[in-house]
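Source file data_0.pdb; content: PDB, C-alpha atoms.
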```pdb
ATOM      1  CA  MET A 240      75.678 103.938 239.684  1.00  0.00           C
ATOM      2  CA  THR A 241      73.304 105.224 237.001  1.00  0.00           C
ATOM      3  CA  THR A 242      73.576 108.768 235.790  1.00  0.00           C
ATOM      4  CA  THR A 243      70.884 110.453 233.841  1.00  0.00           C
ATOM      5  CA  THR A 244      71.832 113.260 231.545  1.00  0.00           C
ATOM      6  CA  THR A 245      69.384 115.721 230.173  1.00  0.00           C
ATOM      7  CA  ALA A 246      69.999 117.035 226.706  1.00  0.00           C
ATOM      8  CA  PRO A 247      70.252 120.817 226.579  1.00  0.00           C
ATOM      9  CA  SER A 248      67.101 122.461 225.271  1.00  0.00           C
ATOM     10  CA  LYS A 249      67.230 123.650 221.690  1.00  0.00           C
ATOM     11  CA  VAL A 250      64.160 125.801 222.410  1.00  0.00           C
ATOM     12  CA  LEU A 251      65.917 127.578 225.256  1.00  0.00           C
ATOM     13  CA  ARG A 252      69.331 128.042 223.604  1.00  0.00           C
ATOM     14  CA  VAL A 253      68.246 131.623 223.220  1.00  0.00           C
ATOM     15  CA  PRO A 254      66.129 132.734 226.173  1.00  0.00           C
ATOM     16  CA  ALA A 255      62.614 133.974 225.540  1.00  0.00           C
ATOM     17  CA  ALA A 256      62.159 137.708 225.303  1.00  0.00           C
ATOM     18  CA  ASP A 257      60.851 139.792 228.146  1.00  0.00           C
ATOM     19  CA  PRO A 258      57.006 139.840 227.923  1.00  0.00           C
ATOM     20  CA  ALA A 259      56.925 143.585 227.199  1.00  0.00           C
ATOM     21  CA  GLU A 260      59.424 143.149 224.365  1.00  0.00           C
ATOM     22  CA  ALA A 261      57.434 140.165 223.042  1.00  0.00           C
ATOM     23  CA  LEU A 262      54.232 142.209 223.168  1.00  0.00           C
ATOM     24  CA  ALA A 263      55.793 144.924 221.020  1.00  0.00           C
ATOM     25  CA  HIS A 264      57.248 142.382 218.579  1.00  0.00           C
ATOM     26  CA  PHE A 265      54.003 140.464 218.040  1.00  0.00           C
ATOM     27  CA  ARG A 266      51.927 143.633 217.812  1.00  0.00           C
ATOM     28  CA  GLY A 267      54.353 144.790 215.161  1.00  0.00           C
ATOM     29  CA  ARG A 268      53.951 141.583 213.177  1.00  0.00           C
ATOM     30  CA  LEU A 269      50.165 141.822 213.344  1.00  0.00           C
ATOM     31  CA  SER A 270      50.315 145.391 212.027  1.00  0.00           C
ATOM     32  CA  PHE A 271      52.006 144.051 208.868  1.00  0.00           C
ATOM     33  CA  GLU A 272      50.178 140.734 208.366  1.00  0.00           C
ATOM     34  CA  ALA A 273      46.700 139.232 208.085  1.00  0.00           C
ATOM     35  CA  ASP A 274      45.904 135.589 207.470  1.00  0.00           C
ATOM     36  CA  ALA A 275      43.595 134.053 204.895  1.00  0.00           C
ATOM     37  CA  SER A 276      40.967 133.133 207.505  1.00  0.00           C
ATOM     38  CA  ASP A 277      40.716 136.701 208.798  1.00  0.00           C
ATOM     39  CA  VAL A 278      40.512 138.135 205.265  1.00  0.00           C
ATOM     40  CA  HIS A 279      37.809 135.578 204.434  1.00  0.00           C
ATOM     41  CA  ALA A 280      35.867 136.360 207.627  1.00  0.00           C
ATOM     42  CA  ASP A 281      35.879 140.081 206.792  1.00  0.00           C
ATOM     43  CA  ILE A 282      34.757 139.455 203.209  1.00  0.00           C
ATOM     44  CA  GLU A 283      31.987 137.101 204.360  1.00  0.00           C
ATOM     45  CA  SER A 284      30.745 139.506 207.035  1.00  0.00           C
ATOM     46  CA  GLY A 285      30.776 142.466 204.664  1.00  0.00           C
ATOM     47  CA  ALA A 286      33.319 144.302 206.802  1.00  0.00           C
ATOM     48  CA  LYS A 287      34.789 147.225 204.910  1.00  0.00           C
ATOM     49  CA  GLY A 288      38.151 148.813 205.322  1.00  0.00           C
ATOM     50  CA  PHE A 289      40.607 147.245 202.897  1.00  0.00           C
ATOM     51  CA  VAL A 290      41.228 146.559 199.224  1.00  0.00           C
ATOM     52  CA  LEU A 291      42.449 143.024 198.474  1.00  0.00           C
ATOM     53  CA  ILE A 292      45.103 143.009 195.753  1.00  0.00           C
ATOM     54  CA  ASP A 293      46.171 139.944 193.752  1.00  0.00           C
ATOM     55  CA  THR A 294      49.736 140.720 192.712  1.00  0.00           C
ATOM     56  CA  ARG A 295      50.251 137.748 190.377  1.00  0.00           C
ATOM     57  CA  SER A 296      50.540 137.649 186.587  1.00  0.00           C
ATOM     58  CA  THR A 297      47.526 137.725 184.262  1.00  0.00           C
ATOM     59  CA  GLU A 298      48.013 134.007 183.570  1.00  0.00           C
ATOM     60  CA  ALA A 299      47.931 133.229 187.293  1.00  0.00           C
ATOM     61  CA  TRP A 300      44.889 135.487 187.829  1.00  0.00           C
ATOM     62  CA  GLU A 301      42.995 133.717 185.064  1.00  0.00           C
ATOM     63  CA  GLN A 302      43.889 130.333 186.563  1.00  0.00           C
ATOM     64  CA  GLY A 303      42.011 131.373 189.699  1.00  0.00           C
ATOM     65  CA  HIS A 304      41.784 134.247 192.170  1.00  0.00           C
ATOM     66  CA  ILE A 305      39.906 135.385 195.242  1.00  0.00           C
ATOM     67  CA  PRO A 306      36.446 136.733 194.313  1.00  0.00           C
ATOM     68  CA  GLY A 307      36.358 140.496 194.764  1.00  0.00           C
ATOM     69  CA  ALA A 308      40.135 140.915 194.635  1.00  0.00           C
ATOM     70  CA  VAL A 309      41.639 143.581 192.398  1.00  0.00           C
ATOM     71  CA  HIS A 310      44.216 142.291 189.928  1.00  0.00           C
ATOM     72  CA  LEU A 311      47.330 144.457 189.964  1.00  0.00           C
ATOM     73  CA  PRO A 312      50.617 142.701 189.200  1.00  0.00           C
ATOM     74  CA  THR A 313      53.518 143.934 191.298  1.00  0.00           C
ATOM     75  CA  ASP A 314      55.390 145.420 188.338  1.00  0.00           C
ATOM     76  CA  GLU A 315      52.362 147.615 187.501  1.00  0.00           C
ATOM     77  CA  ILE A 316      51.700 149.021 190.982  1.00  0.00           C
ATOM     78  CA  ALA A 317      53.694 152.238 190.556  1.00  0.00           C
ATOM     79  CA  GLU A 318      51.862 153.228 187.374  1.00  0.00           C
ATOM     80  CA  ARG A 319      48.338 151.888 188.050  1.00  0.00           C
ATOM     81  CA  ALA A 320      47.701 151.947 191.809  1.00  0.00           C
ATOM     82  CA  ALA A 321      46.147 155.417 191.817  1.00  0.00           C
ATOM     83  CA  GLU A 322      43.549 154.441 189.174  1.00  0.00           C
ATOM     84  CA  LEU A 323      42.559 151.180 190.925  1.00  0.00           C
ATOM     85  CA  VAL A 324      42.966 151.870 194.649  1.00  0.00           C
ATOM     86  CA  PRO A 325      41.568 154.987 196.307  1.00  0.00           C
ATOM     87  CA  SER A 326      44.212 157.065 198.032  1.00  0.00           C
ATOM     88  CA  GLY A 327      44.594 156.229 201.719  1.00  0.00           C
ATOM     89  CA  SER A 328      42.898 152.821 201.410  1.00  0.00           C
ATOM     90  CA  LEU A 329      44.351 149.999 203.454  1.00  0.00           C
ATOM     91  CA  VAL A 330      45.729 147.476 200.978  1.00  0.00           C
ATOM     92  CA  VAL A 331      46.051 143.731 201.645  1.00  0.00           C
ATOM     93  CA  THR A 332      48.338 142.021 199.151  1.00  0.00           C
ATOM     94  CA  TYR A 333      48.554 138.358 198.210  1.00  0.00           C
ATOM     95  CA  CYS A 334      50.538 136.269 195.784  1.00  0.00           C
ATOM     96  CA  TRP A 335      50.936 132.493 195.357  1.00  0.00           C
ATOM     97  CA  GLY A 336      51.861 131.325 198.826  1.00  0.00           C
ATOM     98  CA  PRO A 337      54.462 131.035 201.553  1.00  0.00           C
ATOM     99  CA  GLY A 338      57.200 130.070 199.107  1.00  0.00           C
ATOM    100  CA  CYS A 339      56.747 133.316 197.191  1.00  0.00           C
ATOM    101  CA  ASN A 340      57.620 136.835 198.306  1.00  0.00           C
ATOM    102  CA  GLY A 341      55.592 138.572 195.598  1.00  0.00           C
ATOM    103  CA  ALA A 342      53.065 139.854 198.133  1.00  0.00           C
ATOM    104  CA  THR A 343      55.929 141.262 200.193  1.00  0.00           C
ATOM    105  CA  ARG A 344      57.358 143.081 197.159  1.00  0.00           C
ATOM    106  CA  ALA A 345      53.884 144.402 196.344  1.00  0.00           C
ATOM    107  CA  ALA A 346      53.333 145.565 199.932  1.00  0.00           C
ATOM    108  CA  TYR A 347      56.678 147.355 199.738  1.00  0.00           C
ATOM    109  CA  ALA A 348      55.605 149.071 196.502  1.00  0.00           C
ATOM    110  CA  PHE A 349      52.269 150.198 197.984  1.00  0.00           C
ATOM    111  CA  ALA A 350      53.969 151.466 201.145  1.00  0.00           C
ATOM    112  CA  GLY A 351      56.364 153.425 198.941  1.00  0.00           C
ATOM    113  CA  LEU A 352      53.334 155.116 197.385  1.00  0.00           C
ATOM    114  CA  GLY A 353      52.013 156.066 200.820  1.00  0.00           C
ATOM    115  CA  TYR A 354      49.329 153.390 201.245  1.00  0.00           C
ATOM    116  CA  PRO A 355      48.852 151.616 204.573  1.00  0.00           C
ATOM    117  CA  VAL A 356      49.390 147.950 203.764  1.00  0.00           C
ATOM    118  CA  LYS A 357      49.295 144.389 205.100  1.00  0.00           C
ATOM    119  CA  GLU A 358      50.359 141.136 203.533  1.00  0.00           C
ATOM    120  CA  MET A 359      48.007 138.123 203.537  1.00  0.00           C
ATOM    121  CA  LEU A 360      49.983 135.219 204.969  1.00  0.00           C
ATOM    122  CA  GLY A 361      49.731 131.964 203.052  1.00  0.00           C
ATOM    123  CA  GLY A 362      48.649 133.700 199.865  1.00  0.00           C
ATOM    124  CA  PHE A 363      46.360 132.139 197.288  1.00  0.00           C
ATOM    125  CA  GLU A 364      47.632 128.677 198.212  1.00  0.00           C
ATOM    126  CA  TYR A 365      46.330 128.780 201.762  1.00  0.00           C
ATOM    127  CA  TRP A 366      43.168 130.594 200.705  1.00  0.00           C
ATOM    128  CA  SER A 367      42.275 127.700 198.427  1.00  0.00           C
ATOM    129  CA  ARG A 368      43.592 124.998 200.799  1.00  0.00           C
ATOM    130  CA  GLU A 369      41.271 126.323 203.498  1.00  0.00           C
ATOM    131  CA  GLY A 370      38.364 125.695 201.121  1.00  0.00           C
ATOM    132  CA  PHE A 371      37.438 129.309 200.432  1.00  0.00           C
ATOM    133  CA  GLU A 372      35.840 130.333 197.140  1.00  0.00           C
ATOM    134  CA  VAL A 373      38.040 130.730 194.078  1.00  0.00           C
ATOM    135  CA  GLU A 374      36.978 132.425 190.859  1.00  0.00           C
ATOM    136  CA  ASP A 375      38.054 131.878 187.253  1.00  0.00           C
ATOM    137  CA  ALA A 376      36.441 132.209 183.788  1.00  0.00           C
ATOM    138  CA  ALA A 377      34.135 129.249 184.562  1.00  0.00           C
ATOM    139  CA  GLY A 378      32.779 130.971 187.676  1.00  0.00           C
ATOM    140  CA  VAL A 379      33.165 130.601 191.413  1.00  0.00           C
ATOM    141  CA  ARG A 380      34.008 127.242 192.974  1.00  0.00           C
ATOM    142  CA  LYS A 381      35.124 125.786 196.276  1.00  0.00           C
ATOM    143  CA  GLN A 382      37.711 123.089 196.755  1.00  0.00           C
ATOM    144  CA  ALA A 383      37.773 120.579 199.555  1.00  0.00           C
ATOM    145  CA  VAL A 384      39.419 121.764 202.752  1.00  0.00           C
ATOM    146  CA  ASP A 385      42.930 120.459 203.286  1.00  0.00           C
ATOM    147  CA  PRO A 386      42.783 118.925 206.791  1.00  0.00           C
ATOM    148  CA  LEU A 387      46.353 120.076 207.431  1.00  0.00           C
ATOM    149  CA  THR A 388      45.328 123.722 207.164  1.00  0.00           C
ATOM    150  CA  ALA A 389      41.769 124.050 208.491  1.00  0.00           C
ATOM    151  CA  PRO A 390      38.959 122.079 210.123  1.00  0.00           C
ATOM    152  CA  VAL A 391      37.201 119.942 207.492  1.00  0.00           C
ATOM    153  CA  SER A 392      33.890 120.781 209.186  1.00  0.00           C
ATOM    154  CA  GLY A 393      34.062 124.202 207.565  1.00  0.00           C
ATOM    155  CA  ILE A 394      33.808 125.857 210.971  1.00  0.00           C
ATOM    156  CA  ALA A 395      36.461 128.522 211.461  1.00  0.00           C
ATOM    157  CA  CYS A 396      39.474 127.440 213.462  1.00  0.00           C
ATOM    158  CA  ALA A 397      39.022 130.426 215.826  1.00  0.00           C
ATOM    159  CA  CYS A 398      42.746 130.805 216.259  1.00  0.00           C
TER     160      CYS A 398
END
```
Show this structure as structure tokens.
Amino acid sequence: MTTTTTAPSKVLRVPAADPAEALAHFRGRLSFEADASDVHADIESGAKGFVLIDTRSTEAWEQGHIPGAVHLPTDEIAERAAELVPSGSLVVTYCWGPGCNGATRAAYAFAGLGYPVKEMLGGFEYWSREGFEVEDAAGVRKQAVDPLTAPVSGIACAC
């Protein structure tokens, strides 16, 4: 006699949330986060409505940054935000990448000053890996798209 056993599901160890609860959770996440592709699409289309803030050090900024971003290191936000970011502006923060929580700390600092704020997921790393323009002292350049992060065709992933 052959018996077949099915391994218990690791995905279902904890049951999925009720759809209404999931809706609230994911809406909440989207109210705090934007991804590099959406930020790029808005910049390319000329959509207004946010100020993009690079929260990294001067050395990192000079190494390369997103064209049009405002450089404001996290430790300087409390003293310099009012001179660089109009009151009430939606702020989108970015730092190095997913292994860094500098953009989160910066978003926290802006929120503490009363600004509406979102964090750009993936940071500068995913911006550049998706092949978007990067600026430094030599000018603006594009790097090849990393096929693990975006379609190499250059067409938006539409996700």
Per-residue nearest contacts region 314-333 of chain A to region 286-305 of chain A, cut-off 7 Å, using all atoms listed in the file, as a Markdown table:
```
| residue | atom | partner | partner_atom | distance |
| --- | --- | --- | --- | --- |
| A:Ser328 | CA | A:Phe289 | CA | 6.2 |
| A:Leu329 | CA | A:Phe289 | CA | 4.7 |
| A:Val330 | CA | A:Val290 | CA | 4.9 |
| A:Val331 | CA | A:Leu291 | CA | 4.9 |
| A:Thr332 | CA | A:Ile292 | CA | 4.8 |
| A:Tyr333 | CA | A:Asp293 | CA | 5.3 |
```
Quiz item: In Å to one decimal, how far is CA of His279 (chain A) from CA of Glu372 (chain A)?
Solution: 9.2 Å
Self-check item: Between CA of Val356 (chain A) and CA of Phe271 (chain A) - distance in Å to one decimal
Solution: 6.9 Å
Quiz prompt | For Ile394 (chain A), the nearest of the candidates A:Gly370, A:Ala346, A:Gly285, A:Leu352, counting only C-alpha atoms | solution =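 Using only C-alpha atoms, Ile394 (chain A) sits closest to A:Gly370.
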Practice problem: Would you translate the PyMOL selection byres ((chain A and resi 381) around 10) into the concrete set of residues it matches in this file, as a PyMOL selection string? | Solution: chain A and resi 367-374+379-380+382-384
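One finds CA of Ala348 (chain A) at 9.7 Å from CA of Glu315 (chain A).
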